[in-house]
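I have placed the structure first, in the form of structure tokens, so that the comments after it can refer back to it.
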Amino acid sequence: MHGLSTFEPKNGFVKWLEARLPILSFAHGSFVAYPTPKNLNYWWTFGAILSFMLIAQIITGVVLTMHYTPEATLAFSSVEKIMRDVNWGWLFRYAHANGASMFFLAVYIHMFRGLYYGSYKNPREVLWILGVIIFLLMMATGFMGYVLVWGQMSFWGATVITNLFSAIPIFGNEITTWLWGGYSVDNPTLNRFFALHYLLPFVIFAVVGLHVWALHVTGQNNPDGVEIKDVEKDCVPFTPHATMKDGLGVVVFLLLYCWFIFYVPNYLGDADNYIPANPLKTPPHIVPEWYFLPFYAILRAIPDKLAGVIAMFAAIAVLAFLPWLDKSPVRSAKYRPMYKALFWAFVVVSIGLGYCGAMPAAEPYVTVSRVLSLLYFGFFAILPFLPRWEKTLPVPATIAEAVLAKSGKVEPPKPEPVKAAPAKAPTKSTRLWK
Amino acid sequence: MSTATPTPSTDETSRRDFLYVATGSVAAVGAVSVAWPLISQMNPDASTLAMASSEIDIGAIPAGQIVTVKWRGKPVFIRHRTADEIKAAQDGDNASMPDPATDKSRVQKPEWLIVIGVCTHLGCIPLGNQGEYNGWFCPCHGSVYDTSGRIRKGPAPRNLDVPPYAFLTDTKVKIG
């Protein structure tokens, strides 16, 4: 997409650099002149919030690495040392642990936003799939980071999750032993999880780069789900409009993040993880971190080991097929009454699964999670057939029309010769960046 | 090249094609021989493989008690079964279960049941003397085992595994 202004360096050094590495014009094109749809709402600030969280996690994580010992007999006490002895160690650890939760909270909102407004549809399929890959990488990173604490929940969480691979037919046990580096979760497992937990955030960083690249090729979706027709009329430049809006979004999100860090730092954790890992005693009630609970509930809902593991991974993998499962030509749920109802039902089902995942493996939760698992996959199963029954509402022709309709003003009828309206009467919005 | 004029391209296999295939094959062999150590290094190392066997004195275990010992980093349950428990296990031989096995095939001496204490579902340690069959109950995902360590209910696919063991004397057992 071409930008709303051009980068014209006047400074001699900038000109010199531009001729050798056009990085400043690239940044200008991507983050200053980049055309942003006028009608974006605050749900679109979560991209910036997620970028902020990724950087925050990397910085706090690197700091923690300087004080942590990845060895089975020392790991737990080195974490306690960070909490008690290291200068500001408590702050970095609480920021990192709660940061993971905040990261997942933001990514779930970001994903549901994409789901609601049809952001996965043509031409944004690759953008969406890159997002699913980032989500998978985040899950792997979050899981391995939680193991590093080497408390009871770390150890037994690691045992349960790595045992998922033992469900693979024929080679299952060999693969699990290979993952462990032994016959159970032990020091070799901790070592490799530490190495990978340090590596994966940078892999995420790279895939986020691809994600943003793909975004800047297709342009952003918007709440009305209509493509940009006229950059001048439908868009505003990224800076200052989106920069400021994203800034406010990040600040409000930071309030919540800080509330967790400073007031309830252990609310999202599990008390059992303050007990050092004991390979001979399973805690009476194993629960993963809250952000894995819906998938954990699906795993437990199925009374067969292999089928349960397949269903759990399928629950994530199915997201990647969404662009082809949803066949409706209309993007935004705003104009799709049936899809809108279905979307909210899906949100309730997902939260319900999360609740069941936190409960013990007993009735009535087993039956409830079975029903909810069926409904979860039912959402994806019904999508291809929805356009047969759904009567969509009239979609505005352009973003500008949608914005004007909202403010009560009607778009003035276009003068017959399209290229009329000469420069003598520039509209108010174009003056903003010209 | 034997001639000065270039030969017109044909579908015939040329010496150059052979060189491409040969070079590619060598590169593939090289890639695999580098990949193998990269994968293999993650398998258990020599110290982990040096599998220790454990000798346990079972003379002090009263009937009805389960003792947990560690073998290869995993818990092993030694259960001194009561007459009722043995009977319950043998009566269950003909019940339908996911992994059918007779009680006799799982013990060397009926009063001593020795099994690896790792749930065959996802690796938790089941709790003894609990569950519907009073054998073991896994708190993680609700698998129920009977007094022979056989899976009767829940998601676990297999009975609790029986480790290799031998009675050295009446009161001493060697696991491994």
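Residue names in the structure tokens use chain letters A, B, ... in the order shown, residue numbers from 1 in each chain, and ligand numbers from 1 in the order shown.
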Show which residues sit within 7 Å of segment 124-128 of chain B, as a compact mmCIF listing (two decimals) with N, CA and C atoms, in the first residue's frame. Count only C-alpha atoms, and ignore same-chain residues fewer than 4 positions away.
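The resulting out-v8.txt:
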# COMPACT_ATOMS: atom_id res chain seq x y z
N VAL A 160 2.79 -34.06 32.76
CA VAL A 160 1.54 -34.31 32.05
C VAL A 160 1.66 -33.89 30.58
N LYS A 281 5.57 -37.37 44.45
CA LYS A 281 4.25 -37.00 44.96
C LYS A 281 3.56 -36.05 43.99
N THR A 282 2.43 -36.52 43.45
CA THR A 282 1.65 -35.68 42.56
C THR A 282 0.71 -34.82 43.39
N GLY B 117 4.64 -46.92 39.60
CA GLY B 117 3.59 -46.01 40.08
C GLY B 117 3.38 -44.79 39.22
N VAL B 118 3.29 -45.01 37.92
CA VAL B 118 3.09 -43.89 37.00
C VAL B 118 1.85 -44.19 36.18
N CYS B 119 0.87 -43.31 36.29
CA CYS B 119 -0.37 -43.49 35.55
C CYS B 119 -0.05 -43.56 34.06
N GLY B 135 -8.17 -49.74 44.51
CA GLY B 135 -6.78 -49.99 44.11
C GLY B 135 -6.04 -48.68 44.11
N TRP B 136 -6.08 -47.99 42.97
CA TRP B 136 -5.48 -46.66 42.88
C TRP B 136 -6.43 -45.75 42.15
N PHE B 137 -6.31 -44.45 42.46
CA PHE B 137 -7.09 -43.45 41.75
C PHE B 137 -6.13 -42.35 41.34
N CYS B 138 -6.14 -41.97 40.05
CA CYS B 138 -5.25 -40.90 39.61
C CYS B 138 -5.99 -39.56 39.71
N PRO B 139 -5.44 -38.65 40.52
CA PRO B 139 -6.16 -37.39 40.75
C PRO B 139 -6.16 -36.46 39.55
N CYS B 140 -5.25 -36.72 38.60
CA CYS B 140 -5.12 -35.76 37.49
C CYS B 140 -6.32 -35.82 36.56
Could you work out which residues of chain B fall inside 7 Å of chain A? Count only C-alpha atoms, and format the result as a PyMOL selection string. chain B and resi 42-44+48+72-75+121-125+139-142+154-157
Suppose we keep C-alpha atoms; can you now write the selection as a CSV table (one decimal), in the first residue's frame?
chain,number,residue,atom,x,y,z
B,42,MET,CA,18.8,-35.2,23.4
B,43,ASN,CA,18.4,-38.9,24.2
B,44,PRO,CA,19.3,-40.1,27.7
B,48,THR,CA,21.2,-42.0,32.9
B,72,ARG,CA,15.1,-45.1,37.5
B,73,GLY,CA,13.7,-41.8,38.7
B,74,LYS,CA,10.2,-43.2,38.9
B,75,PRO,CA,8.1,-44.4,41.8
B,121,HIS,CA,-2.4,-41.8,30.9
B,122,LEU,CA,-0.2,-38.7,31.4
B,123,GLY,CA,2.3,-39.8,34.0
B,124,CYS,CA,0.9,-38.6,37.3
B,125,ILE,CA,1.3,-40.7,40.4
B,139,PRO,CA,-6.2,-37.4,40.8
B,140,CYS,CA,-5.1,-35.8,37.5
B,141,HIS,CA,-7.7,-37.1,35.1
B,142,GLY,CA,-9.6,-39.6,37.0
B,154,GLY,CA,-11.0,-43.4,32.9
B,155,PRO,CA,-8.7,-42.3,30.1
B,156,ALA,CA,-5.6,-44.4,30.8
B,157,PRO,CA,-4.9,-46.9,28.0
Selection: 8 Å around segment 255-267 of chain A, only C-alpha atoms, excl. self and same-chain fewer than 3 positions, as a ChimeraX atom specification:
/A:91,94-95,98-99,102,251-252,270
Output file for the selection above: N, CA and C atoms, as a PDB file, in the first residue's frame:
ATOM      1  N   LEU A  91      10.392  -7.565  41.631  1.00  0.00           N
ATOM      2  CA  LEU A  91       9.676  -6.789  40.607  1.00  0.00           C
ATOM      3  C   LEU A  91       9.798  -7.476  39.248  1.00  0.00           C
ATOM      4  N   TYR A  94       7.814 -10.890  39.267  1.00  0.00           N
ATOM      5  CA  TYR A  94       6.358 -10.698  39.204  1.00  0.00           C
ATOM      6  C   TYR A  94       5.961 -10.092  37.858  1.00  0.00           C
ATOM      7  N   ALA A  95       6.779  -9.174  37.331  1.00  0.00           N
ATOM      8  CA  ALA A  95       6.461  -8.570  36.035  1.00  0.00           C
ATOM      9  C   ALA A  95       6.496  -9.627  34.938  1.00  0.00           C
ATOM     10  N   ASN A  98       3.459 -12.360  35.670  1.00  0.00           N
ATOM     11  CA  ASN A  98       2.164 -11.775  35.326  1.00  0.00           C
ATOM     12  C   ASN A  98       2.164 -11.283  33.884  1.00  0.00           C
ATOM     13  N   GLY A  99       3.354 -10.938  33.380  1.00  0.00           N
ATOM     14  CA  GLY A  99       3.448 -10.514  31.982  1.00  0.00           C
ATOM     15  C   GLY A  99       2.990 -11.613  31.043  1.00  0.00           C
ATOM     16  N   MET A 102      -0.707 -11.521  31.049  1.00  0.00           N
ATOM     17  CA  MET A 102      -1.197 -10.343  30.323  1.00  0.00           C
ATOM     18  C   MET A 102      -1.029 -10.529  28.815  1.00  0.00           C
ATOM     19  N   VAL A 251      -1.360   2.256  27.674  1.00  0.00           N
ATOM     20  CA  VAL A 251      -1.353   2.821  29.030  1.00  0.00           C
ATOM     21  C   VAL A 251      -2.476   2.218  29.873  1.00  0.00           C
ATOM     22  N   VAL A 252      -3.664   2.112  29.291  1.00  0.00           N
ATOM     23  CA  VAL A 252      -4.783   1.536  30.049  1.00  0.00           C
ATOM     24  C   VAL A 252      -4.486   0.072  30.381  1.00  0.00           C
ATOM     25  N   ASP A 270      -0.336 -20.603  41.117  1.00  0.00           N
ATOM     26  CA  ASP A 270      -0.866 -21.711  41.910  1.00  0.00           C
ATOM     27  C   ASP A 270      -0.002 -21.864  43.152  1.00  0.00           C
TER      28      ASP A 270
END
Residues of segment 5-167 of chain B in strand (DSSP E) according to DSSP, as a PyMOL selection string? chain B and resi 54-57+66-71+74-80+112-116+127-128+136-137+144-145+151-153+165-167
Residues just named, written with N, CA and C atoms as a compact mmCIF listing (two decimals), in the first residue's frame:
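Written out: selection-v6.txt:
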# COMPACT_ATOMS: atom_id res chain seq x y z
N SER B 54 17.46 -51.70 42.29
CA SER B 54 17.28 -51.41 43.71
C SER B 54 16.90 -52.69 44.45
N GLU B 55 17.53 -52.87 45.61
CA GLU B 55 17.16 -54.01 46.47
C GLU B 55 16.37 -53.47 47.64
N ILE B 56 15.22 -54.06 47.89
CA ILE B 56 14.35 -53.54 48.94
C ILE B 56 13.98 -54.65 49.91
N ASP B 57 14.07 -54.29 51.21
CA ASP B 57 13.66 -55.22 52.26
C ASP B 57 12.16 -55.04 52.48
N ILE B 66 1.00 -49.99 51.26
CA ILE B 66 1.71 -49.79 49.99
C ILE B 66 2.95 -48.97 50.28
N VAL B 67 4.10 -49.45 49.81
CA VAL B 67 5.34 -48.70 49.99
C VAL B 67 5.81 -48.22 48.61
N THR B 68 6.26 -46.97 48.57
CA THR B 68 6.74 -46.41 47.30
C THR B 68 8.26 -46.32 47.34
N VAL B 69 8.92 -46.91 46.35
CA VAL B 69 10.38 -46.80 46.26
C VAL B 69 10.73 -46.18 44.91
N LYS B 70 11.93 -45.62 44.81
CA LYS B 70 12.31 -44.94 43.57
C LYS B 70 13.22 -45.84 42.75
N TRP B 71 12.88 -45.98 41.48
CA TRP B 71 13.68 -46.80 40.57
C TRP B 71 13.72 -46.10 39.22
N LYS B 74 11.64 -43.09 38.79
CA LYS B 74 10.19 -43.24 38.85
C LYS B 74 9.80 -43.95 40.13
N PRO B 75 8.61 -43.69 40.63
CA PRO B 75 8.14 -44.42 41.82
C PRO B 75 7.69 -45.84 41.44
N VAL B 76 8.00 -46.78 42.32
CA VAL B 76 7.49 -48.15 42.16
C VAL B 76 6.67 -48.46 43.42
N PHE B 77 5.44 -48.97 43.20
CA PHE B 77 4.58 -49.33 44.33
C PHE B 77 4.82 -50.79 44.69
N ILE B 78 5.08 -51.05 45.98
CA ILE B 78 5.11 -52.43 46.47
C ILE B 78 3.93 -52.57 47.41
N ARG B 79 2.97 -53.37 46.98
CA ARG B 79 1.73 -53.46 47.74
C ARG B 79 1.62 -54.84 48.37
N HIS B 80 1.59 -54.88 49.69
CA HIS B 80 1.38 -56.13 50.42
C HIS B 80 -0.13 -56.34 50.50
N TRP B 112 2.13 -60.12 46.98
CA TRP B 112 2.96 -58.97 46.63
C TRP B 112 2.67 -58.49 45.21
N LEU B 113 2.11 -57.26 45.13
CA LEU B 113 1.91 -56.65 43.81
C LEU B 113 2.96 -55.56 43.65
N ILE B 114 3.78 -55.67 42.61
CA ILE B 114 4.81 -54.66 42.37
C ILE B 114 4.57 -54.03 41.00
N VAL B 115 4.25 -52.73 40.99
CA VAL B 115 3.97 -52.04 39.73
C VAL B 115 4.66 -50.67 39.72
N ILE B 116 4.92 -50.16 38.51
CA ILE B 116 5.47 -48.82 38.38
C ILE B 116 4.36 -47.82 38.68
N LEU B 127 -3.08 -42.33 43.56
CA LEU B 127 -3.16 -42.42 45.02
C LEU B 127 -3.66 -43.80 45.41
N GLY B 128 -2.98 -44.42 46.38
CA GLY B 128 -3.28 -45.79 46.78
C GLY B 128 -4.54 -45.91 47.64
N TRP B 136 -6.08 -47.99 42.97
CA TRP B 136 -5.48 -46.66 42.88
C TRP B 136 -6.43 -45.75 42.15
N PHE B 137 -6.31 -44.45 42.46
CA PHE B 137 -7.09 -43.45 41.75
C PHE B 137 -6.13 -42.35 41.34
N VAL B 144 -9.09 -44.96 37.15
CA VAL B 144 -9.31 -45.82 38.31
C VAL B 144 -8.65 -47.18 38.06
N TYR B 145 -7.79 -47.62 38.98
CA TYR B 145 -7.11 -48.92 38.88
C TYR B 145 -7.60 -49.82 40.00
N ILE B 151 -6.28 -51.08 34.74
CA ILE B 151 -7.13 -49.91 34.47
C ILE B 151 -8.57 -50.39 34.31
N ARG B 152 -9.46 -49.78 35.08
CA ARG B 152 -10.86 -50.18 35.01
C ARG B 152 -11.75 -49.08 34.47
N LYS B 153 -11.35 -47.83 34.70
CA LYS B 153 -12.20 -46.70 34.31
C LYS B 153 -11.31 -45.50 34.04
N TYR B 165 11.47 -57.72 38.18
CA TYR B 165 11.92 -57.86 39.57
C TYR B 165 12.07 -59.33 39.91
N ALA B 166 12.79 -59.58 41.00
CA ALA B 166 12.99 -60.96 41.45
C ALA B 166 13.05 -60.97 42.97
N PHE B 167 12.49 -62.01 43.56
CA PHE B 167 12.61 -62.18 45.01
C PHE B 167 13.94 -62.84 45.30
Contacts of Gly59 of chain B at 10 Å or less, counting only C-alpha atoms, minus same-chain residues fewer than 3 places along, as number ranges by chain?
B: 56, 62, 169-173
Go ahead and save the residues from that selection, with all heavy atoms, as a tab-separated table (two decimals), in the first residue's frame.
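part-v3.tsv, freshly written:
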chain	number	residue	atom	x	y	z
B	56	ILE	N	15.22	-54.06	47.89
B	56	ILE	CA	14.35	-53.54	48.94
B	56	ILE	C	13.98	-54.65	49.91
B	56	ILE	O	13.64	-55.76	49.51
B	56	ILE	CB	13.06	-52.93	48.34
B	56	ILE	CG1	13.42	-51.72	47.46
B	56	ILE	CG2	12.11	-52.46	49.41
B	56	ILE	CD1	13.20	-51.95	46.02
B	62	PRO	N	3.57	-54.32	56.49
B	62	PRO	CA	2.42	-55.11	56.93
B	62	PRO	C	1.39	-55.25	55.81
B	62	PRO	O	1.37	-54.46	54.88
B	62	PRO	CB	1.85	-54.28	58.09
B	62	PRO	CG	2.31	-52.89	57.84
B	62	PRO	CD	3.59	-52.97	57.06
B	169	THR	N	15.18	-63.22	48.54
B	169	THR	CA	14.78	-64.09	49.63
B	169	THR	C	13.30	-63.82	49.85
B	169	THR	O	12.70	-63.07	49.10
B	169	THR	CB	15.55	-63.76	50.93
B	169	THR	OG1	15.17	-62.44	51.34
B	169	THR	CG2	17.05	-63.81	50.74
B	170	ASP	N	12.73	-64.39	50.90
B	170	ASP	CA	11.32	-64.14	51.16
B	170	ASP	C	11.06	-62.69	51.53
B	170	ASP	O	9.97	-62.18	51.34
B	170	ASP	CB	10.82	-65.06	52.30
B	170	ASP	CG	10.41	-66.41	51.74
B	170	ASP	OD1	10.39	-66.54	50.51
B	170	ASP	OD2	10.11	-67.31	52.55
B	171	THR	N	12.07	-62.01	52.05
B	171	THR	CA	11.84	-60.64	52.51
B	171	THR	C	12.66	-59.64	51.70
B	171	THR	O	12.72	-58.48	52.06
B	171	THR	CB	12.21	-60.51	54.00
B	171	THR	OG1	13.59	-60.84	54.13
B	171	THR	CG2	11.36	-61.38	54.88
B	172	LYS	N	13.28	-60.08	50.66
B	172	LYS	CA	14.11	-59.14	49.90
B	172	LYS	C	13.78	-59.25	48.41
B	172	LYS	O	13.72	-60.35	47.86
B	172	LYS	CB	15.59	-59.46	50.13
B	172	LYS	CG	16.48	-58.26	49.86
B	172	LYS	CD	17.85	-58.46	50.48
B	172	LYS	CE	18.25	-57.29	51.33
B	172	LYS	NZ	19.58	-57.42	51.88
B	173	VAL	N	13.51	-58.08	47.80
B	173	VAL	CA	13.17	-58.08	46.38
B	173	VAL	C	14.12	-57.13	45.65
B	173	VAL	O	14.52	-56.09	46.19
B	173	VAL	CB	11.69	-57.71	46.18
B	173	VAL	CG1	11.40	-56.25	46.57
B	173	VAL	CG2	11.25	-57.94	44.74
